[in-house]
Amino acid sequence: MQFTVNGQRREVDVDIRTSLLDLLREHLALTGSKKGCDHGQCGACTVLVNGRRINSCLSLAVMHQDDEIVTVEGLGDPERLHPMQAAFVAHDGYQCGYCTPGQICSAVGMLGEVAAGWGSHVSPDLAAPELSTEEIAERMSGNVCRCAAYPNIRAAIAEVAEDGGLEAAPEPRRQEALA
Amino acid sequence: MMFGFGEDNVTLTMDKPQPVSRLDTTVQGLVGTGVERVDGPAKVSGRATYAAEYRIDDVAYGVLVGAGIGKGKVVSIDADAVKSLPGVIDVVTDYDTFIRVSQQGGETEAPTQGVRDVEYFGEIVAIVLGETYEAARDAALRLPIDYETEEGVFAFSMEAERDGDLPPNNTPAQSAQGDVEAAMAKAAVTIDATYTTPSQNSAAMEPHASLAMWGEDGSLTLYGAYQMPTSDAQQLADALGLSKSKVRIVSRYIGGGFGSKLGIAPESVAAAVAAKRLGRPVKAVMMRQQVFDATVRRSNTSQRMRLAATADGRLTAIGHETTASNLSTEDYFEPAGISTHFLYAGENRLISHDLVRVNWLLSGSMRAPGEAVGLLGLECAMDELAEALALDPIELRIRNDPGRDPEKDVPFSSRALKEALRHGADHFGWDRRQAAGTRREGDWLVGMGVASAARANILMKGSAKVALDPDGTATVTSAMTDIGTGSYTILAQIAADMLGLPLDRVRVELGDTNHVPSGGSGGSWGAASSGSAVYLAAQALRAKLAKAMGVEEEELTLKDGQAIGANRQVALAELLDGKPIEAVGTIDKGAQEKLTTQASYGAHFAEVAVDVVTGEVRVRRMLGVFAAGRILNQQTARSQCLGGMTFGIGGALHEELMHDARTGKLVNRDLAEYHVPVNADVPDLEVIFLPERDIHANPIHAKGIGELGICGAGAAVANAIYNATGVRIRDFPITLDKLLPHLPAM
């Protein structure tokens, strides 16, 4: 099967049981995406697929023919950090670092959802959400951080959003309904 | 300063106070600021390498198999039933060598070995090896195992026989002073209440993982997720019958520990045995459910709190009788009374620890073992006493602040509890707190709570090597770890300040037993212990540089790679003249820990809202005011406190492991059903550090901070719930079902 990872076209032969997360970590040496629970409960494996954040542990690799996948490695590297990565460093939005790649991918995807006008449980106006602290907390609650950097994570995301990150966020493409 | 060995190996044993710290006079100016983590760019870009992420050729994937019974024996494991599945290499077990439980932190011997006997549900009995993870996992799930089941003890009961004759665990199991019964009988006001707390799991985000490979010389290298590599390597060597020099553990990045990775866990020995059997490297990563089932839990506790006071709120007696649980072979008890020994005055004292023996997984250290749950009992009881006395709970605590340790009759090394309570009260707006159950905003009942924070300060023996290269860069190496606490950063700051180097001229390499030994990370001792080791090594290098400059060490100024003294300024590179210098610093505990009582202190303030219709509790804001000696890095220290306070919220409101009373099996063994606080549960928490130096603790005058934030935090939340509702729930966590029957009628 073929797909794009961090802008590179990849072709792999993969076991149908292999999750997208295990494909990235064990076959493509992209260990930035973390396995925390393997059950979609912690968010450490969050990656962007076609601009939309998903738990890569809950998705089989074979479902991603022709998809565009972006992992934390694709957002930036230590010498050229993505604004969200730099903001996490500046605000200490992590401690052990294990949930961090998932938090960052999730945050980037989340800003795209807000920019696209997707409402949440706490949006006063479901059709026109605004990025309040409460919105960030609600929308980031699928990413568990046991070190509990939550206030710092919110500060990092808010700063990126204010600095134009909201407009620059990827447009999430809705999954087409399965035939 | 007493130097032990020659000038290249410097040992300081803390027998005497260290009133002078060079960190107060260095001029590079990094220690005490909030510089960003030096490992930050690697972490946020996914380049930091955790145990399971090393690329090793020819690695076999190992998936562990846990026992499907709660007590009994393994009769047989039918390996042949799965070996023919595609991609399966083998099924390995070793009934004698596999470890039955994780080891406790700092032990130098193997934990209890032998897995023919099953003592708890999920005990790791085999490892299935595959060419791929998928093949191994499939076979592990299908592996047929025959058991002989036996009667076990699967429920905790205070009626069960208790085992009170236990070896000490950072605190004696039993201690008594005066007569609590008599003091209770004649006191003006008394409290006699029992608090219960459930089993909990550290739930670090990175599951336990080991990647084991053997060398041709019979040595073992294990990439593992371990907090204390030096003693972990000793445990692993003992378990495998090797000399400790044959075992190397590498733990450069660890995805959180919180106590669960202090000692070796079952995956390490299983991976090592399997790698030996297969003759190739084996990677074994625990599934999240196995982390819950078969690593370590914080014990449940039952705590009878008795307080007796005069009418004006002077304590005359404190009783803290605690019962925890553990396996019959394990003596570790949750030291829930540890800070009750010294937190408040009171002549008559009784602090005890008993164990009920159960067939549940091992209980051991989880963040602030002792205080985290013990202060739920003590600090809620103090709140109850304040209420009974009609006295402000802050004033009650201040009135009972002892001038000296009330049991040992020695001074406190430093103690800013009163200051923290007063500062916090002003900052939080404590004067706006109303009588219990009287503040209502729509459907929300709103209240404020307070609790003291205290965490014993521990120094652990450990070393660090600092090398100064001819190009004017320094390298710090140690078997110390960074489990998210900021070790890489604070050690770089200390070395940089001591040697007068910009931060980017210092490299720190940790988490490898090939480096000099260290006490690692745990018990909040990491920063102060390893920081002192770096300080001592750097101090020795300063002495050498001073000698080269022809000045006394205290007259030498080092800044931005320049040595300044005797009206001369010389670049370090020039002064070194092409020759590297290095020194090993070692810190060790000494008489000071007996001559003074050492602890970090603070005060927690919480404001909560309780929905009068649903009983839902929302923490609205929290403030922690802490004094922990020198704060080495404002930002990483603050983050440690945020994490601790959030653990406190979890303990008060969310976290509870449930054991099936029929088998001991954990019912809620994943992150969907074991509830840790998520982003929306945690409001913006405020942290304030009070300036303090502790000259009895170590030469850098810092005390532990990693666990201080959790100590008392849950009690502040619980006390705020009482203030909001007038309802006292003594069974943690305080979930809505417990509150609902007591809330006012609609």
# chains A, B, ... in the order shown; residues from 1 in each chain; ligands from 1

$ select_by_dssp --residues "region 101-193 of chain B" --states "helix (DSSP H, G or I)" --output "PDB file with N, CA, C and O atoms, in the first residue's frame"
ATOM      1  N   TYR B 133       5.375  -7.756  16.278  1.00  0.00           N
ATOM      2  CA  TYR B 133       4.558  -7.523  17.461  1.00  0.00           C
ATOM      3  C   TYR B 133       3.198  -8.198  17.307  1.00  0.00           C
ATOM      4  O   TYR B 133       2.685  -8.819  18.246  1.00  0.00           O
ATOM      5  N   GLU B 134       2.639  -8.120  16.110  1.00  0.00           N
ATOM      6  CA  GLU B 134       1.308  -8.659  15.883  1.00  0.00           C
ATOM      7  C   GLU B 134       1.285 -10.175  16.098  1.00  0.00           C
ATOM      8  O   GLU B 134       0.353 -10.716  16.692  1.00  0.00           O
ATOM      9  N   ALA B 135       2.326 -10.854  15.618  1.00  0.00           N
ATOM     10  CA  ALA B 135       2.378 -12.320  15.762  1.00  0.00           C
ATOM     11  C   ALA B 135       2.498 -12.692  17.234  1.00  0.00           C
ATOM     12  O   ALA B 135       1.812 -13.602  17.717  1.00  0.00           O
ATOM     13  N   ALA B 136       3.356 -11.986  17.944  1.00  0.00           N
ATOM     14  CA  ALA B 136       3.553 -12.307  19.359  1.00  0.00           C
ATOM     15  C   ALA B 136       2.294 -12.020  20.170  1.00  0.00           C
ATOM     16  O   ALA B 136       1.903 -12.788  21.050  1.00  0.00           O
ATOM     17  N   ARG B 137       1.655 -10.899  19.871  1.00  0.00           N
ATOM     18  CA  ARG B 137       0.449 -10.531  20.619  1.00  0.00           C
ATOM     19  C   ARG B 137      -0.669 -11.543  20.375  1.00  0.00           C
ATOM     20  O   ARG B 137      -1.345 -11.977  21.320  1.00  0.00           O
ATOM     21  N   ASP B 138      -0.831 -11.945  19.140  1.00  0.00           N
ATOM     22  CA  ASP B 138      -1.876 -12.907  18.798  1.00  0.00           C
ATOM     23  C   ASP B 138      -1.663 -14.207  19.574  1.00  0.00           C
ATOM     24  O   ASP B 138      -2.582 -14.746  20.203  1.00  0.00           O
ATOM     25  N   ALA B 139      -0.426 -14.681  19.561  1.00  0.00           N
ATOM     26  CA  ALA B 139      -0.127 -15.942  20.250  1.00  0.00           C
ATOM     27  C   ALA B 139      -0.262 -15.783  21.767  1.00  0.00           C
ATOM     28  O   ALA B 139      -0.733 -16.705  22.464  1.00  0.00           O
ATOM     29  N   ALA B 140       0.126 -14.646  22.290  1.00  0.00           N
ATOM     30  CA  ALA B 140       0.026 -14.428  23.740  1.00  0.00           C
ATOM     31  C   ALA B 140      -1.432 -14.473  24.180  1.00  0.00           C
ATOM     32  O   ALA B 140      -1.758 -15.017  25.240  1.00  0.00           O
ATOM     33  N   LEU B 141      -2.303 -13.923  23.354  1.00  0.00           N
ATOM     34  CA  LEU B 141      -3.720 -13.910  23.719  1.00  0.00           C
ATOM     35  C   LEU B 141      -4.331 -15.306  23.637  1.00  0.00           C
ATOM     36  O   LEU B 141      -5.308 -15.607  24.301  1.00  0.00           O
ATOM     37  N   ARG B 142      -3.731 -16.154  22.805  1.00  0.00           N
ATOM     38  CA  ARG B 142      -4.286 -17.503  22.635  1.00  0.00           C
ATOM     39  C   ARG B 142      -3.616 -18.551  23.512  1.00  0.00           C
ATOM     40  O   ARG B 142      -4.061 -19.702  23.537  1.00  0.00           O
ATOM     41  N   VAL B 180      -2.421   8.589  74.561  1.00  0.00           N
ATOM     42  CA  VAL B 180      -3.449   9.205  73.720  1.00  0.00           C
ATOM     43  C   VAL B 180      -4.845   8.971  74.302  1.00  0.00           C
ATOM     44  O   VAL B 180      -5.688   9.881  74.323  1.00  0.00           O
ATOM     45  N   GLU B 181      -5.102   7.748  74.806  1.00  0.00           N
ATOM     46  CA  GLU B 181      -6.428   7.427  75.363  1.00  0.00           C
ATOM     47  C   GLU B 181      -6.781   8.400  76.488  1.00  0.00           C
ATOM     48  O   GLU B 181      -7.874   8.973  76.519  1.00  0.00           O
ATOM     49  N   ALA B 182      -5.836   8.580  77.412  1.00  0.00           N
ATOM     50  CA  ALA B 182      -6.098   9.434  78.570  1.00  0.00           C
ATOM     51  C   ALA B 182      -6.292  10.880  78.138  1.00  0.00           C
ATOM     52  O   ALA B 182      -7.189  11.583  78.639  1.00  0.00           O
ATOM     53  N   ALA B 183      -5.479  11.333  77.187  1.00  0.00           N
ATOM     54  CA  ALA B 183      -5.606  12.711  76.710  1.00  0.00           C
ATOM     55  C   ALA B 183      -6.943  12.930  76.018  1.00  0.00           C
ATOM     56  O   ALA B 183      -7.562  13.994  76.158  1.00  0.00           O
ATOM     57  N   MET B 184      -7.382  11.923  75.252  1.00  0.00           N
ATOM     58  CA  MET B 184      -8.693  12.014  74.588  1.00  0.00           C
ATOM     59  C   MET B 184      -9.804  12.126  75.627  1.00  0.00           C
ATOM     60  O   MET B 184     -10.759  12.886  75.458  1.00  0.00           O
ATOM     61  N   ALA B 185      -9.652  11.365  76.730  1.00  0.00           N
ATOM     62  CA  ALA B 185     -10.712  11.311  77.738  1.00  0.00           C
ATOM     63  C   ALA B 185     -10.911  12.653  78.429  1.00  0.00           C
ATOM     64  O   ALA B 185     -12.027  13.018  78.779  1.00  0.00           O
ATOM     65  N   LYS B 186      -9.828  13.398  78.596  1.00  0.00           N
ATOM     66  CA  LYS B 186     -10.005  14.635  79.360  1.00  0.00           C
ATOM     67  C   LYS B 186      -9.927  15.906  78.509  1.00  0.00           C
ATOM     68  O   LYS B 186      -9.942  17.017  79.061  1.00  0.00           O
TER      69      LYS B 186
END

$ residues_around --residues "region 150-166 of chain A" --least-positions-apart "6" --cutoff "9 Å" --atoms "only C-alpha atoms" --output "PyMOL selection string"
(chain A and resi 83-94+103-104+107-108+111-112+114-115+131-133+136-137+140+144) or (chain B and resi 639+642-643+678-680+682-685)

$ interface_residues --of "chain B" --to "chain A" --cutoff "6 Å" --atoms "only C-alpha atoms" --output "short mmCIF file (atom, residue, chain, number, x, y, z; two decimals) with N, CA and C atoms, in the first residue's frame"
data_model
loop_
_atom_site.label_atom_id
_atom_site.label_comp_id
_atom_site.auth_asym_id
_atom_site.auth_seq_id
_atom_site.Cartn_x
_atom_site.Cartn_y
_atom_site.Cartn_z
N GLY B 40 14.30 20.03 25.86
CA GLY B 40 13.01 20.39 25.30
C GLY B 40 12.87 20.17 23.80
N PRO B 41 13.78 20.72 22.99
CA PRO B 41 13.63 20.54 21.53
C PRO B 41 13.58 19.06 21.12
N ALA B 42 14.35 18.20 21.80
CA ALA B 42 14.31 16.77 21.46
C ALA B 42 12.94 16.18 21.81
N LYS B 43 12.40 16.59 22.93
CA LYS B 43 11.11 16.03 23.35
C LYS B 43 9.96 16.50 22.45
N VAL B 44 9.92 17.78 22.15
CA VAL B 44 8.76 18.27 21.39
C VAL B 44 8.82 17.88 19.91
N SER B 45 9.97 17.43 19.45
CA SER B 45 10.06 17.04 18.05
C SER B 45 10.06 15.53 17.88
N GLY B 46 9.86 14.81 18.98
CA GLY B 46 9.78 13.35 18.89
C GLY B 46 11.13 12.69 18.73
N MET B 205 2.80 7.77 31.69
CA MET B 205 2.31 7.64 30.31
C MET B 205 3.07 6.59 29.51
N GLU B 206 4.34 6.39 29.84
CA GLU B 206 5.10 5.36 29.12
C GLU B 206 4.95 4.04 29.85
N GLY B 255 9.42 7.96 30.38
CA GLY B 255 8.12 8.62 30.22
C GLY B 255 7.31 8.64 31.49
N GLY B 256 7.89 9.23 32.52
CA GLY B 256 7.21 9.33 33.81
C GLY B 256 7.46 8.09 34.66
N ARG B 288 -0.85 -1.61 28.53
CA ARG B 288 -1.33 -0.74 29.61
C ARG B 288 -2.03 -1.55 30.71
N ILE B 483 13.23 11.94 34.82
CA ILE B 483 11.94 11.29 34.54
C ILE B 483 10.87 12.34 34.21
N GLY B 484 11.35 13.51 33.83
CA GLY B 484 10.44 14.61 33.52
C GLY B 484 10.59 15.73 34.53
N GLY B 643 2.11 19.37 38.71
CA GLY B 643 1.84 17.93 38.59
C GLY B 643 1.42 17.33 39.91
N LEU B 671 -6.87 3.22 31.08
CA LEU B 671 -7.00 4.67 31.30
C LEU B 671 -8.38 5.21 30.97
N ALA B 672 -9.26 4.34 30.48
CA ALA B 672 -10.64 4.78 30.30
C ALA B 672 -11.41 4.61 31.60
N VAL B 678 -7.89 14.93 33.61
CA VAL B 678 -7.60 15.37 32.25
C VAL B 678 -7.60 16.89 32.24
N ASN B 679 -7.31 17.43 31.08
CA ASN B 679 -7.13 18.88 30.96
C ASN B 679 -8.31 19.66 31.55
N ALA B 680 -9.53 19.24 31.23
CA ALA B 680 -10.70 20.00 31.68
C ALA B 680 -10.95 19.87 33.18
N ASP B 684 -6.53 26.68 36.14
CA ASP B 684 -5.21 27.31 36.21
C ASP B 684 -4.75 27.32 37.66
#

$ residues_around --residues "Asn55 (chain A)" --least-positions-apart "3" --cutoff "6 Å" --atoms "only C-alpha atoms" --output "PyMOL selection string"
chain A and resi 40+45-46+58

$ atom_distance --atom1 "CA of Pro402 (chain B)" --atom2 "CA of Gly178 (chain B)"
16.9 Å

$ residues_around --residues "region 441-445 of chain B" --least-positions-apart "6" --cutoff "10 Å" --atoms "only C-alpha atoms" --output "ChimeraX atom specification"
/B:608-618,721,723-726,743,746

$ write_last_selection --atoms "C-alpha atoms" --output "PDB file, in the first residue's frame"
ATOM      1  CA  VAL B 608     -14.436  24.164  44.539  1.00  0.00           C
ATOM      2  CA  ALA B 609     -17.978  24.271  43.287  1.00  0.00           C
ATOM      3  CA  VAL B 610     -20.389  21.383  43.872  1.00  0.00           C
ATOM      4  CA  ASP B 611     -23.454  21.048  41.710  1.00  0.00           C
ATOM      5  CA  VAL B 612     -26.369  20.818  44.111  1.00  0.00           C
ATOM      6  CA  VAL B 613     -28.399  18.808  41.573  1.00  0.00           C
ATOM      7  CA  THR B 614     -25.820  16.275  40.397  1.00  0.00           C
ATOM      8  CA  GLY B 615     -23.147  16.319  43.100  1.00  0.00           C
ATOM      9  CA  GLU B 616     -20.497  17.021  40.454  1.00  0.00           C
ATOM     10  CA  VAL B 617     -17.389  18.650  41.921  1.00  0.00           C
ATOM     11  CA  ARG B 618     -15.381  21.183  39.923  1.00  0.00           C
ATOM     12  CA  ILE B 721     -15.984  20.411  49.450  1.00  0.00           C
ATOM     13  CA  ASN B 723     -16.928  24.175  53.215  1.00  0.00           C
ATOM     14  CA  ALA B 724     -19.090  24.279  50.096  1.00  0.00           C
ATOM     15  CA  THR B 725     -21.635  21.697  51.178  1.00  0.00           C
ATOM     16  CA  GLY B 726     -21.354  21.085  54.913  1.00  0.00           C
ATOM     17  CA  LEU B 743     -26.857  17.537  49.535  1.00  0.00           C
ATOM     18  CA  MET B 746     -34.010  20.847  45.823  1.00  0.00           C
TER      19      MET B 746
END

$ residues_around --residues "Ala533 (chain B)" --least-positions-apart "4" --cutoff "6 Å" --atoms "only C-alpha atoms" --output "PyMOL selection string"
chain B and resi 463-464+585-587

$ residues_around --residues "region 410-417 of chain B" --least-positions-apart "5" --cutoff "10 Å" --atoms "only C-alpha atoms" --output "JSON, numbers by chain"
{"B": [17, 342, 343, 397, 398, 401, 402, 403, 404, 405, 422, 423, 452, 453, 454, 457, 592, 593, 594, 595, 596, 597, 598, 599, 600, 601, 602, 603, 625, 626, 627, 628, 629, 690, 691, 692, 693, 694, 695, 696, 697, 703]}

$ write_last_selection --atoms "N, CA and C atoms" --output "short mmCIF file (atom, residue, chain, number, x, y, z; two decimals), in the first residue's frame"
data_model
loop_
_atom_site.label_atom_id
_atom_site.label_comp_id
_atom_site.auth_asym_id
_atom_site.auth_seq_id
_atom_site.Cartn_x
_atom_site.Cartn_y
_atom_site.Cartn_z
N PRO B 17 26.58 21.21 59.10
CA PRO B 17 25.89 22.17 58.22
C PRO B 17 26.88 22.77 57.22
N PHE B 342 5.92 14.82 62.83
CA PHE B 342 6.56 16.12 63.08
C PHE B 342 5.75 17.33 62.64
N LEU B 343 4.55 17.13 62.08
CA LEU B 343 3.85 18.29 61.52
C LEU B 343 3.28 19.20 62.60
N ARG B 397 -3.71 25.58 62.75
CA ARG B 397 -2.41 25.02 62.34
C ARG B 397 -1.26 25.86 62.89
N ILE B 398 -1.42 27.16 62.85
CA ILE B 398 -0.35 28.04 63.34
C ILE B 398 -0.16 27.87 64.84
N ASP B 401 2.00 24.80 65.52
CA ASP B 401 3.29 24.67 64.82
C ASP B 401 4.39 24.52 65.89
N PRO B 402 5.04 23.38 65.93
CA PRO B 402 6.02 23.17 67.00
C PRO B 402 7.35 23.85 66.68
N GLY B 403 8.01 24.32 67.70
CA GLY B 403 9.30 24.97 67.48
C GLY B 403 10.40 23.97 67.17
N ARG B 404 10.25 22.77 67.71
CA ARG B 404 11.22 21.69 67.47
C ARG B 404 10.45 20.43 67.13
N ASP B 405 11.14 19.44 66.60
CA ASP B 405 10.49 18.16 66.32
C ASP B 405 9.85 17.63 67.62
N ARG B 422 0.19 31.83 55.93
CA ARG B 422 -0.18 33.25 55.99
C ARG B 422 -0.10 33.90 54.61
N HIS B 423 0.99 33.63 53.90
CA HIS B 423 1.16 34.22 52.57
C HIS B 423 0.04 33.76 51.64
N SER B 452 -2.11 21.93 55.08
CA SER B 452 -0.66 22.05 55.11
C SER B 452 -0.04 21.03 54.16
N ALA B 453 1.15 21.38 53.66
CA ALA B 453 1.93 20.44 52.86
C ALA B 453 3.24 20.17 53.59
N ALA B 454 3.62 18.92 53.66
CA ALA B 454 4.91 18.56 54.24
C ALA B 454 5.40 17.30 53.56
N ASN B 457 12.47 15.36 53.70
CA ASN B 457 13.58 15.59 52.76
C ASN B 457 14.59 14.46 52.88
N GLN B 592 23.70 15.01 59.83
CA GLN B 592 22.71 16.09 59.78
C GLN B 592 21.27 15.57 59.70
N GLU B 593 21.08 14.42 59.08
CA GLU B 593 19.70 13.93 58.95
C GLU B 593 19.15 13.43 60.29
N LYS B 594 20.05 13.15 61.23
CA LYS B 594 19.61 12.77 62.58
C LYS B 594 19.55 14.00 63.51
N LEU B 595 20.47 14.93 63.28
CA LEU B 595 20.57 16.10 64.17
C LEU B 595 19.50 17.16 63.89
N THR B 596 18.90 17.07 62.71
CA THR B 596 17.81 17.98 62.37
C THR B 596 16.69 17.17 61.73
N THR B 597 15.48 17.67 61.84
CA THR B 597 14.38 17.06 61.09
C THR B 597 14.21 17.88 59.82
N GLN B 598 14.35 17.20 58.68
CA GLN B 598 14.37 17.90 57.39
C GLN B 598 13.12 17.58 56.59
N ALA B 599 12.46 18.62 56.16
CA ALA B 599 11.28 18.44 55.30
C ALA B 599 11.05 19.72 54.52
N SER B 600 10.34 19.59 53.41
CA SER B 600 9.83 20.74 52.67
C SER B 600 8.41 21.00 53.15
N TYR B 601 8.00 22.25 53.12
CA TYR B 601 6.67 22.61 53.62
C TYR B 601 5.94 23.50 52.62
N GLY B 602 4.65 23.61 52.86
CA GLY B 602 3.85 24.50 52.02
C GLY B 602 2.43 24.54 52.51
N ALA B 603 1.61 25.25 51.76
CA ALA B 603 0.18 25.34 52.08
C ALA B 603 -0.62 25.31 50.79
N VAL B 625 1.57 27.34 47.99
CA VAL B 625 2.70 28.17 48.41
C VAL B 625 3.72 27.22 49.03
N PHE B 626 4.93 27.20 48.49
CA PHE B 626 5.89 26.19 48.90
C PHE B 626 7.24 26.79 49.29
N ALA B 627 7.87 26.15 50.26
CA ALA B 627 9.24 26.50 50.63
C ALA B 627 10.05 25.21 50.64
N ALA B 628 11.00 25.12 49.75
CA ALA B 628 11.76 23.88 49.59
C ALA B 628 13.25 24.20 49.41
N GLY B 629 13.74 25.13 50.23
CA GLY B 629 15.13 25.52 50.08
C GLY B 629 15.33 26.27 48.77
N LEU B 690 8.41 30.42 48.35
CA LEU B 690 8.97 31.32 49.34
C LEU B 690 10.49 31.16 49.34
N PRO B 691 11.23 32.25 49.43
CA PRO B 691 12.68 32.13 49.44
C PRO B 691 13.16 31.40 50.70
N GLU B 692 14.06 30.48 50.53
CA GLU B 692 14.55 29.69 51.67
C GLU B 692 15.88 29.06 51.29
N ARG B 693 16.72 28.81 52.29
CA ARG B 693 17.96 28.05 52.10
C ARG B 693 18.02 27.03 53.21
N ASP B 694 18.47 25.83 52.92
CA ASP B 694 18.60 24.84 53.98
C ASP B 694 20.06 24.38 54.05
N ILE B 695 20.77 24.87 55.05
CA ILE B 695 22.21 24.59 55.13
C ILE B 695 22.49 23.21 55.74
N HIS B 696 21.43 22.58 56.29
CA HIS B 696 21.62 21.24 56.87
C HIS B 696 21.37 20.14 55.84
N ALA B 697 20.72 20.51 54.75
CA ALA B 697 20.31 19.49 53.78
C ALA B 697 21.46 19.06 52.87
N LYS B 703 15.96 21.59 48.88
CA LYS B 703 15.24 20.42 49.40
C LYS B 703 14.36 19.87 48.29
#

$ residues_around --residues "Ile89 (chain B)" --least-positions-apart "3" --cutoff "9 Å" --atoms "only C-alpha atoms" --output "list in words"
Ala60, Lys83, Ser84, Leu85, Pro86, Val128, Leu129, Gly130, Glu131, Ala136 and Leu278 of chain B

$ atom_distance --atom1 "CA of Gly70 (chain B)" --atom2 "CA of Leu666 (chain B)"
10.4 Å

$ atom_distance --atom1 "CA of Glu553 (chain B)" --atom2 "CA of Leu491 (chain B)"
21.1 Å

$ select_by_dssp --residues "region 84-120 of chain B" --states "strand (DSSP E or B)" --output "list in words"
Val88, Ile89, Asp90, Val91, Val92, Ile99, Gln113, Asp117 and Val118 of chain B

$ write_last_selection --atoms "N, CA and C atoms" --output "mmCIF file, in the first residue's frame"
data_model
loop_
_atom_site.group_PDB
_atom_site.id
_atom_site.type_symbol
_atom_site.label_atom_id
_atom_site.label_comp_id
_atom_site.auth_asym_id
_atom_site.auth_seq_id
_atom_site.Cartn_x
_atom_site.Cartn_y
_atom_site.Cartn_z
ATOM 1 N N VAL B 88 5.508 -16.755 14.942
ATOM 2 C CA VAL B 88 5.807 -16.981 16.360
ATOM 3 C C VAL B 88 7.142 -17.711 16.473
ATOM 4 N N ILE B 89 8.006 -17.220 17.319
ATOM 5 C CA ILE B 89 9.331 -17.824 17.470
ATOM 6 C C ILE B 89 9.331 -18.842 18.596
ATOM 7 N N ASP B 90 8.828 -18.441 19.748
ATOM 8 C CA ASP B 90 8.893 -19.349 20.897
ATOM 9 C C ASP B 90 8.036 -18.790 22.022
ATOM 10 N N VAL B 91 7.805 -19.639 23.015
ATOM 11 C CA VAL B 91 7.187 -19.215 24.271
ATOM 12 C C VAL B 91 8.214 -19.517 25.359
ATOM 13 N N VAL B 92 8.554 -18.520 26.130
ATOM 14 C CA VAL B 92 9.593 -18.706 27.142
ATOM 15 C C VAL B 92 9.021 -18.452 28.530
ATOM 16 N N ILE B 99 10.570 -12.876 37.864
ATOM 17 C CA ILE B 99 10.258 -12.225 39.140
ATOM 18 C C ILE B 99 8.736 -12.135 39.308
ATOM 19 N N GLN B 113 11.249 -14.031 43.610
ATOM 20 C CA GLN B 113 11.253 -14.720 42.321
ATOM 21 C C GLN B 113 10.390 -15.975 42.383
ATOM 22 N N ASP B 117 4.114 -20.435 41.444
ATOM 23 C CA ASP B 117 3.058 -20.015 42.360
ATOM 24 C C ASP B 117 2.472 -18.686 41.891
ATOM 25 N N VAL B 118 1.170 -18.667 41.752
ATOM 26 C CA VAL B 118 0.490 -17.429 41.378
ATOM 27 C C VAL B 118 -0.089 -16.811 42.645
#

$ closest_residue --among "A:Ala169, A:Leu126, A:Leu20, A:Leu28" --to "Gln65 (chain A)" --atoms "only C-alpha atoms"
A:Leu20

$ closest_residue --among "B:Ala67, B:Leu307, B:Ala324, B:Ala637" --to "Pro198 (chain B)" --atoms "only C-alpha atoms"
B:Ala324
